[in-house]
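Just below is one structure, and these are the notes that go with it.
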Amino acid sequence: MHIREILNSNRISFSFEFFPPKTEKGSEQLYENIRTLAELKPAYVSVTYGAGGSTRNLTHDLVMKIQRETGITVVSHLTCVGSTMDEIHSILEKYQRCGIENIMALRGDPPAGAERFVPAEGGFAFAGELVGYIKKHFPGMGIGVAGYPEGHPETPNRITEMDNLKRKVDAGADYICTQLFFENRDFYDFCERCEIAGIRVPVIAGIMPVTSIKGMNRMAELALGTRFPAKLQRALSRADNDSYVEKVGTHWATQQVLDLIDNGVKGVHFYTLNQSKATRE
């Protein structure tokens, strides 16, 4: 199903994100979790690239398998990292032949060891260029782009940040899916700034339950700029075991989602980390 049809319905969309596993055991575990989460009838699921485009082929394989074996609508991530225009065109043609209708178009993070993003020769420098290319050559594709409620880590000027986002939307994006956040006020402020900038496409809220202190610390390192509210940190500081940490994280995420629903959010996208327990709860 085209993402536009999903988001134009009168229902709030709930969706899940997975990443391609690197081992056979990881694949088996992921498919069990996908099967479990499929019982919740998600509006769609998305599949990421690894950092620096490192799991591109695994992403393609996973997207095809979910599409073939579950019938769930799949949104495949597609980045500019390490890919020429011709390579990206070939990927999109393959998806189109296989009935994949939706793409999350991203610039992508630099490969491991690289300090900054450098476009491939004959490739795209910005996500907006990728969006425009998809819109021109594959007009039937649904296109999502990323938003940053807490601010883009590479763009401290938030006016410039919104100008960049507006360019992506004007190039043909159908919706915005945000990075994870733990303070809903950041999301509402982001939505208001989108409105001021003239951005009218739906904004989907990205939510990730905290399931471990180690995971939270890793999240803080990877998602630069992620803010953990003092109230959440205080609750987690009282945890004396992993089970309690997970309960705190699940409760916090649940309250976030309830508040988002009360305030008319169009959709909630759960970053599952390939697990099902916290998201199901």
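Please note that chains go A, B, ... in the order of the structure tokens, that every chain numbers its residues from 1, and that ligands are numbered from 1 in the order shown.
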Enumerate as a PDB file with N, CA and C atoms, in the first residue's frame all residues of range 23-125 of chain A assigned to helix (DSSP H, G or I) by DSSP on the backbone, naming them with the chain letters and numbers the document uses.
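Once written, part31.pdb looks like this:
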ATOM      1  N   GLU A  24      22.948 -15.515  11.185  1.00  0.00           N
ATOM      2  CA  GLU A  24      21.788 -16.390  10.983  1.00  0.00           C
ATOM      3  C   GLU A  24      20.912 -16.421  12.233  1.00  0.00           C
ATOM      4  N   LYS A  25      21.542 -16.459  13.413  1.00  0.00           N
ATOM      5  CA  LYS A  25      20.776 -16.454  14.662  1.00  0.00           C
ATOM      6  C   LYS A  25      19.984 -15.160  14.797  1.00  0.00           C
ATOM      7  N   GLY A  26      20.631 -14.037  14.447  1.00  0.00           N
ATOM      8  CA  GLY A  26      19.941 -12.758  14.495  1.00  0.00           C
ATOM      9  C   GLY A  26      18.761 -12.719  13.541  1.00  0.00           C
ATOM     10  N   SER A  27      18.902 -13.336  12.375  1.00  0.00           N
ATOM     11  CA  SER A  27      17.810 -13.389  11.398  1.00  0.00           C
ATOM     12  C   SER A  27      16.636 -14.180  11.937  1.00  0.00           C
ATOM     13  N   GLU A  28      16.929 -15.315  12.549  1.00  0.00           N
ATOM     14  CA  GLU A  28      15.860 -16.148  13.112  1.00  0.00           C
ATOM     15  C   GLU A  28      15.107 -15.399  14.208  1.00  0.00           C
ATOM     16  N   GLN A  29      15.867 -14.729  15.069  1.00  0.00           N
ATOM     17  CA  GLN A  29      15.238 -13.969  16.157  1.00  0.00           C
ATOM     18  C   GLN A  29      14.399 -12.833  15.612  1.00  0.00           C
ATOM     19  N   LEU A  30      14.903 -12.145  14.593  1.00  0.00           N
ATOM     20  CA  LEU A  30      14.166 -11.025  14.015  1.00  0.00           C
ATOM     21  C   LEU A  30      12.852 -11.496  13.416  1.00  0.00           C
ATOM     22  N   TYR A  31      12.861 -12.581  12.665  1.00  0.00           N
ATOM     23  CA  TYR A  31      11.628 -13.032  12.025  1.00  0.00           C
ATOM     24  C   TYR A  31      10.595 -13.481  13.055  1.00  0.00           C
ATOM     25  N   GLU A  32      11.060 -14.005  14.173  1.00  0.00           N
ATOM     26  CA  GLU A  32      10.135 -14.350  15.247  1.00  0.00           C
ATOM     27  C   GLU A  32       9.517 -13.079  15.826  1.00  0.00           C
ATOM     28  N   ASN A  33      10.330 -12.041  16.000  1.00  0.00           N
ATOM     29  CA  ASN A  33       9.809 -10.779  16.519  1.00  0.00           C
ATOM     30  C   ASN A  33       8.888 -10.090  15.523  1.00  0.00           C
ATOM     31  N   ILE A  34       9.221 -10.168  14.233  1.00  0.00           N
ATOM     32  CA  ILE A  34       8.333  -9.612  13.212  1.00  0.00           C
ATOM     33  C   ILE A  34       6.991 -10.332  13.230  1.00  0.00           C
ATOM     34  N   ARG A  35       7.043 -11.659  13.355  1.00  0.00           N
ATOM     35  CA  ARG A  35       5.796 -12.442  13.413  1.00  0.00           C
ATOM     36  C   ARG A  35       4.953 -12.025  14.618  1.00  0.00           C
ATOM     37  N   THR A  36       5.617 -11.821  15.760  1.00  0.00           N
ATOM     38  CA  THR A  36       4.904 -11.417  16.968  1.00  0.00           C
ATOM     39  C   THR A  36       4.294 -10.030  16.817  1.00  0.00           C
ATOM     40  N   LEU A  37       5.082  -9.099  16.301  1.00  0.00           N
ATOM     41  CA  LEU A  37       4.586  -7.731  16.140  1.00  0.00           C
ATOM     42  C   LEU A  37       3.548  -7.625  15.032  1.00  0.00           C
ATOM     43  N   ALA A  38       3.586  -8.527  14.056  1.00  0.00           N
ATOM     44  CA  ALA A  38       2.601  -8.508  12.969  1.00  0.00           C
ATOM     45  C   ALA A  38       1.186  -8.714  13.500  1.00  0.00           C
ATOM     46  N   ALA A  51      25.039   1.881   9.523  1.00  0.00           N
ATOM     47  CA  ALA A  51      25.803   3.129   9.473  1.00  0.00           C
ATOM     48  C   ALA A  51      26.714   3.122   8.251  1.00  0.00           C
ATOM     49  N   GLY A  52      26.690   4.223   7.516  1.00  0.00           N
ATOM     50  CA  GLY A  52      27.535   4.329   6.332  1.00  0.00           C
ATOM     51  C   GLY A  52      27.113   3.430   5.197  1.00  0.00           C
ATOM     52  N   GLY A  53      25.842   2.966   5.207  1.00  0.00           N
ATOM     53  CA  GLY A  53      25.374   2.110   4.122  1.00  0.00           C
ATOM     54  C   GLY A  53      25.951   0.706   4.172  1.00  0.00           C
ATOM     55  N   ARG A  56      23.656  -2.517   3.013  1.00  0.00           N
ATOM     56  CA  ARG A  56      22.748  -2.219   1.904  1.00  0.00           C
ATOM     57  C   ARG A  56      22.110  -3.477   1.320  1.00  0.00           C
ATOM     58  N   ASN A  57      22.920  -4.493   1.008  1.00  0.00           N
ATOM     59  CA  ASN A  57      22.369  -5.704   0.412  1.00  0.00           C
ATOM     60  C   ASN A  57      21.468  -6.448   1.388  1.00  0.00           C
ATOM     61  N   LEU A  58      21.842  -6.447   2.675  1.00  0.00           N
ATOM     62  CA  LEU A  58      21.004  -7.097   3.682  1.00  0.00           C
ATOM     63  C   LEU A  58      19.658  -6.392   3.795  1.00  0.00           C
ATOM     64  N   THR A  59      19.666  -5.061   3.679  1.00  0.00           N
ATOM     65  CA  THR A  59      18.413  -4.304   3.693  1.00  0.00           C
ATOM     66  C   THR A  59      17.520  -4.742   2.546  1.00  0.00           C
ATOM     67  N   HIS A  60      18.072  -4.819   1.355  1.00  0.00           N
ATOM     68  CA  HIS A  60      17.287  -5.232   0.190  1.00  0.00           C
ATOM     69  C   HIS A  60      16.682  -6.617   0.412  1.00  0.00           C
ATOM     70  N   ASP A  61      17.499  -7.559   0.923  1.00  0.00           N
ATOM     71  CA  ASP A  61      17.020  -8.925   1.135  1.00  0.00           C
ATOM     72  C   ASP A  61      15.898  -8.961   2.162  1.00  0.00           C
ATOM     73  N   LEU A  62      16.061  -8.195   3.258  1.00  0.00           N
ATOM     74  CA  LEU A  62      15.051  -8.197   4.313  1.00  0.00           C
ATOM     75  C   LEU A  62      13.747  -7.570   3.835  1.00  0.00           C
ATOM     76  N   VAL A  63      13.861  -6.466   3.091  1.00  0.00           N
ATOM     77  CA  VAL A  63      12.669  -5.808   2.541  1.00  0.00           C
ATOM     78  C   VAL A  63      11.883  -6.783   1.671  1.00  0.00           C
ATOM     79  N   MET A  64      12.584  -7.471   0.791  1.00  0.00           N
ATOM     80  CA  MET A  64      11.924  -8.416  -0.112  1.00  0.00           C
ATOM     81  C   MET A  64      11.249  -9.547   0.662  1.00  0.00           C
ATOM     82  N   LYS A  65      11.925 -10.047   1.690  1.00  0.00           N
ATOM     83  CA  LYS A  65      11.387 -11.176   2.441  1.00  0.00           C
ATOM     84  C   LYS A  65      10.136 -10.776   3.222  1.00  0.00           C
ATOM     85  N   ILE A  66      10.167  -9.606   3.857  1.00  0.00           N
ATOM     86  CA  ILE A  66       8.982  -9.148   4.590  1.00  0.00           C
ATOM     87  C   ILE A  66       7.817  -8.966   3.634  1.00  0.00           C
ATOM     88  N   GLN A  67       8.094  -8.346   2.485  1.00  0.00           N
ATOM     89  CA  GLN A  67       7.050  -8.116   1.489  1.00  0.00           C
ATOM     90  C   GLN A  67       6.464  -9.438   1.003  1.00  0.00           C
ATOM     91  N   ARG A  68       7.334 -10.394   0.751  1.00  0.00           N
ATOM     92  CA  ARG A  68       6.916 -11.679   0.167  1.00  0.00           C
ATOM     93  C   ARG A  68       6.183 -12.569   1.176  1.00  0.00           C
ATOM     94  N   GLU A  69       6.660 -12.581   2.429  1.00  0.00           N
ATOM     95  CA  GLU A  69       6.172 -13.582   3.372  1.00  0.00           C
ATOM     96  C   GLU A  69       5.124 -13.064   4.351  1.00  0.00           C
ATOM     97  N   THR A  70       5.002 -11.754   4.511  1.00  0.00           N
ATOM     98  CA  THR A  70       4.039 -11.243   5.491  1.00  0.00           C
ATOM     99  C   THR A  70       2.922 -10.421   4.876  1.00  0.00           C
ATOM    100  N   MET A  85      24.401   7.624  -8.750  1.00  0.00           N
ATOM    101  CA  MET A  85      23.039   7.810  -9.228  1.00  0.00           C
ATOM    102  C   MET A  85      22.543   6.560  -9.959  1.00  0.00           C
ATOM    103  N   ASP A  86      23.421   5.952 -10.756  1.00  0.00           N
ATOM    104  CA  ASP A  86      23.033   4.750 -11.500  1.00  0.00           C
ATOM    105  C   ASP A  86      22.729   3.591 -10.561  1.00  0.00           C
ATOM    106  N   GLU A  87      23.519   3.460  -9.485  1.00  0.00           N
ATOM    107  CA  GLU A  87      23.277   2.376  -8.521  1.00  0.00           C
ATOM    108  C   GLU A  87      21.941   2.569  -7.819  1.00  0.00           C
ATOM    109  N   ILE A  88      21.653   3.792  -7.431  1.00  0.00           N
ATOM    110  CA  ILE A  88      20.379   4.068  -6.775  1.00  0.00           C
ATOM    111  C   ILE A  88      19.222   3.834  -7.731  1.00  0.00           C
ATOM    112  N   HIS A  89      19.399   4.207  -8.990  1.00  0.00           N
ATOM    113  CA  HIS A  89      18.354   3.967  -9.996  1.00  0.00           C
ATOM    114  C   HIS A  89      18.084   2.468 -10.120  1.00  0.00           C
ATOM    115  N   SER A  90      19.139   1.683 -10.128  1.00  0.00           N
ATOM    116  CA  SER A  90      18.994   0.228 -10.232  1.00  0.00           C
ATOM    117  C   SER A  90      18.247  -0.347  -9.033  1.00  0.00           C
ATOM    118  N   ILE A  91      18.562   0.153  -7.832  1.00  0.00           N
ATOM    119  CA  ILE A  91      17.866  -0.303  -6.623  1.00  0.00           C
ATOM    120  C   ILE A  91      16.368   0.021  -6.711  1.00  0.00           C
ATOM    121  N   LEU A  92      16.054   1.228  -7.132  1.00  0.00           N
ATOM    122  CA  LEU A  92      14.658   1.651  -7.224  1.00  0.00           C
ATOM    123  C   LEU A  92      13.895   0.842  -8.277  1.00  0.00           C
ATOM    124  N   GLU A  93      14.556   0.528  -9.384  1.00  0.00           N
ATOM    125  CA  GLU A  93      13.917  -0.306 -10.409  1.00  0.00           C
ATOM    126  C   GLU A  93      13.597  -1.692  -9.855  1.00  0.00           C
ATOM    127  N   LYS A  94      14.531  -2.236  -9.088  1.00  0.00           N
ATOM    128  CA  LYS A  94      14.331  -3.553  -8.479  1.00  0.00           C
ATOM    129  C   LYS A  94      13.147  -3.523  -7.518  1.00  0.00           C
ATOM    130  N   TYR A  95      13.100  -2.494  -6.683  1.00  0.00           N
ATOM    131  CA  TYR A  95      11.982  -2.370  -5.752  1.00  0.00           C
ATOM    132  C   TYR A  95      10.656  -2.248  -6.501  1.00  0.00           C
ATOM    133  N   GLN A  96      10.653  -1.441  -7.527  1.00  0.00           N
ATOM    134  CA  GLN A  96       9.422  -1.223  -8.285  1.00  0.00           C
ATOM    135  C   GLN A  96       8.918  -2.541  -8.890  1.00  0.00           C
ATOM    136  N   ARG A  97       9.826  -3.350  -9.437  1.00  0.00           N
ATOM    137  CA  ARG A  97       9.442  -4.644 -10.008  1.00  0.00           C
ATOM    138  C   ARG A  97       8.851  -5.574  -8.958  1.00  0.00           C
TER     139      ARG A  97
END
Where does range 139-163 of chain A meet range 124-130 of chain A within 12 Å, residue by residue, with the nearest atom pair and distance in Å to one decimal for each, counting only C-alpha atoms, listed by chain and rising number, as a Markdown table?
| residue | atom | partner | partner_atom | distance |
| --- | --- | --- | --- | --- |
| A:Ile143 | CA | A:Leu130 | CA | 10.0 |
| A:Gly144 | CA | A:Ala127 | CA | 10.4 |
| A:Val145 | CA | A:Ala127 | CA | 7.9 |
| A:Ala146 | CA | A:Ala127 | CA | 9.2 |
| A:Gly147 | CA | A:Ala127 | CA | 11.7 |
| A:Asp163 | CA | A:Gly128 | CA | 11.2 |
Residue neighbourhood Leu7 in chain A, 8 Å, only C-alpha atoms, exclusion window fewer than 6 positions, as an NGL selection string = :A and (13 or 202 or 266-267)
With N, CA and C atoms kept, could you save the residues just selected as a PDB file, in the first residue's frame?
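The resulting file, again.pdb, is reproduced below:
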ATOM      1  N   SER A  13      -1.651   5.951  12.485  1.00  0.00           N
ATOM      2  CA  SER A  13      -0.821   4.825  12.042  1.00  0.00           C
ATOM      3  C   SER A  13       0.186   4.458  13.130  1.00  0.00           C
ATOM      4  N   PRO A 202       2.198  15.223   6.663  1.00  0.00           N
ATOM      5  CA  PRO A 202       2.087  14.631   8.005  1.00  0.00           C
ATOM      6  C   PRO A 202       3.448  14.436   8.667  1.00  0.00           C
ATOM      7  N   LYS A 266      -0.499  12.179  13.895  1.00  0.00           N
ATOM      8  CA  LYS A 266      -0.931  11.419  12.724  1.00  0.00           C
ATOM      9  C   LYS A 266      -0.441   9.978  12.766  1.00  0.00           C
ATOM     10  N   GLY A 267       0.701   9.770  13.388  1.00  0.00           N
ATOM     11  CA  GLY A 267       1.230   8.419  13.463  1.00  0.00           C
ATOM     12  C   GLY A 267       2.355   8.317  14.472  1.00  0.00           C
TER      13      GLY A 267
END
Which of range 80-278 of chain A end up as strand (DSSP E or B) when DSSP is run on this backbone - answer as a ChimeraX atom specification?
/A:102-106,142-147,175-180,203-207,267-271
Could the residues of range 139-244 of chain A that have an atom at most 10 Å from range 253-261 of chain A be listed as a Markdown table, each with its closest atom pair and the distance in Å to one decimal, counting only C-alpha atoms and ordered by chain and ascending residue number?
| residue | atom | partner | partner_atom | distance |
| --- | --- | --- | --- | --- |
| A:Phe181 | CA | A:Gln256 | CA | 9.6 |
| A:Phe182 | CA | A:Gln256 | CA | 7.6 |
| A:Glu183 | CA | A:Gln256 | CA | 7.8 |
| A:Asn184 | CA | A:Gln256 | CA | 6.6 |
| A:Phe187 | CA | A:Leu260 | CA | 9.1 |
| A:Tyr188 | CA | A:Leu260 | CA | 9.0 |
| A:Ala205 | CA | A:Leu260 | CA | 8.2 |
| A:Gly206 | CA | A:Val257 | CA | 9.9 |
| A:Ile207 | CA | A:Ala253 | CA | 6.9 |
| A:Met208 | CA | A:Ala253 | CA | 7.0 |
| A:Pro209 | CA | A:Ala253 | CA | 5.4 |
| A:Val210 | CA | A:Ala253 | CA | 8.0 |
Output the selection as a compact mmCIF listing (two decimals), in the first residue's frame - N, CA, C and O atoms for each residue.
# COMPACT_ATOMS: atom_id res chain seq x y z
N PHE A 181 12.67 10.82 20.44
CA PHE A 181 12.72 11.91 21.42
C PHE A 181 12.03 11.42 22.69
O PHE A 181 11.22 10.48 22.65
N PHE A 182 12.33 12.05 23.81
CA PHE A 182 11.75 11.63 25.08
C PHE A 182 10.94 12.73 25.75
O PHE A 182 10.37 12.49 26.82
N GLU A 183 10.90 13.88 25.14
CA GLU A 183 10.13 15.00 25.68
C GLU A 183 9.17 15.47 24.59
O GLU A 183 9.59 16.02 23.58
N ASN A 184 7.87 15.25 24.81
CA ASN A 184 6.88 15.56 23.77
C ASN A 184 6.84 17.04 23.41
O ASN A 184 6.48 17.40 22.29
N PHE A 187 8.64 17.67 20.33
CA PHE A 187 7.90 17.27 19.12
C PHE A 187 6.86 18.31 18.73
O PHE A 187 6.75 18.69 17.55
N TYR A 188 6.11 18.80 19.71
CA TYR A 188 5.08 19.80 19.40
C TYR A 188 5.70 21.10 18.89
O TYR A 188 5.17 21.74 17.97
N ALA A 205 5.68 10.65 14.72
CA ALA A 205 6.52 10.72 15.91
C ALA A 205 7.32 9.44 16.11
O ALA A 205 6.75 8.35 16.14
N GLY A 206 8.64 9.58 16.26
CA GLY A 206 9.50 8.42 16.50
C GLY A 206 9.71 8.17 17.98
O GLY A 206 10.18 9.04 18.71
N ILE A 207 9.35 6.96 18.44
CA ILE A 207 9.41 6.62 19.86
C ILE A 207 10.26 5.37 20.07
O ILE A 207 10.13 4.39 19.33
N MET A 208 11.13 5.41 21.09
CA MET A 208 11.91 4.23 21.45
C MET A 208 11.90 4.06 22.96
O MET A 208 12.43 4.89 23.69
N PRO A 209 11.32 2.97 23.46
CA PRO A 209 11.36 2.73 24.91
C PRO A 209 12.79 2.42 25.37
O PRO A 209 13.51 1.69 24.70
N VAL A 210 13.19 3.00 26.49
CA VAL A 210 14.47 2.65 27.10
C VAL A 210 14.32 1.27 27.73
O VAL A 210 13.38 1.02 28.49
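The list of residues with at least one atom within 12 Å of range 233-238 of chain A, based on only C-alpha atoms and without residues fewer than 5 positions apart in the same chain, reads Phe182, Val210, Thr211, Ser212, Ile213, Lys214, Met216, Asn217, Arg227, Phe228, Ser243, Tyr244, Val245, Glu246, Lys247, Val248, Gly249, Thr250, His251 and Trp252 of chain A.
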Selected residues written out with N, CA and C atoms, as a compact mmCIF listing (two decimals), in the first residue's frame:
# COMPACT_ATOMS: atom_id res chain seq x y z
N PHE A 182 12.33 12.05 23.81
CA PHE A 182 11.75 11.63 25.08
C PHE A 182 10.94 12.73 25.75
N VAL A 210 13.19 3.00 26.49
CA VAL A 210 14.47 2.65 27.10
C VAL A 210 14.32 1.27 27.73
N THR A 211 15.24 0.36 27.41
CA THR A 211 15.16 -0.99 27.97
C THR A 211 16.37 -1.35 28.83
N SER A 212 17.42 -0.53 28.77
CA SER A 212 18.60 -0.79 29.61
C SER A 212 19.41 0.50 29.73
N ILE A 213 20.15 0.63 30.83
CA ILE A 213 21.02 1.79 31.02
C ILE A 213 22.12 1.80 29.96
N LYS A 214 22.66 0.63 29.66
CA LYS A 214 23.69 0.52 28.63
C LYS A 214 23.15 1.00 27.29
N MET A 216 20.67 3.05 26.81
CA MET A 216 20.42 4.49 26.87
C MET A 216 21.72 5.26 26.62
N ASN A 217 22.80 4.80 27.24
CA ASN A 217 24.09 5.47 27.05
C ASN A 217 24.55 5.37 25.60
N ARG A 227 18.08 14.23 24.20
CA ARG A 227 17.93 14.72 25.57
C ARG A 227 17.10 13.73 26.39
N PHE A 228 17.60 13.39 27.54
CA PHE A 228 16.88 12.53 28.46
C PHE A 228 16.37 13.40 29.60
N SER A 243 15.13 -5.42 34.85
CA SER A 243 13.68 -5.54 34.71
C SER A 243 12.99 -4.23 35.08
N TYR A 244 13.46 -3.60 36.15
CA TYR A 244 12.87 -2.33 36.58
C TYR A 244 13.15 -1.23 35.56
N VAL A 245 14.38 -1.23 35.02
CA VAL A 245 14.72 -0.24 33.99
C VAL A 245 13.75 -0.36 32.82
N GLU A 246 13.50 -1.59 32.39
CA GLU A 246 12.60 -1.80 31.26
C GLU A 246 11.18 -1.34 31.58
N LYS A 247 10.74 -1.58 32.81
CA LYS A 247 9.39 -1.14 33.20
C LYS A 247 9.29 0.38 33.18
N VAL A 248 10.33 1.05 33.68
CA VAL A 248 10.35 2.51 33.67
C VAL A 248 10.32 3.03 32.23
N GLY A 249 11.17 2.45 31.38
CA GLY A 249 11.24 2.88 29.99
C GLY A 249 9.94 2.66 29.25
N THR A 250 9.31 1.52 29.49
CA THR A 250 8.04 1.20 28.82
C THR A 250 6.94 2.14 29.30
N HIS A 251 6.90 2.41 30.60
CA HIS A 251 5.89 3.31 31.15
C HIS A 251 6.07 4.72 30.57
N TRP A 252 7.31 5.18 30.50
CA TRP A 252 7.57 6.52 29.97
C TRP A 252 7.10 6.62 28.52
Ranking A:Lys136, A:Arg193, A:Arg200, A:Lys277 by minimum distance to Thr160 in chain A and counting only C-alpha atoms, which one comes first?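 Looking at the shortest contact to Thr160 in chain A, the residue is A:Arg193.
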Between CA of Tyr133 in chain A and CA of Cys80 in chain A, what is the spacing in Å?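 These atoms are spaced 11.5 Å apart.
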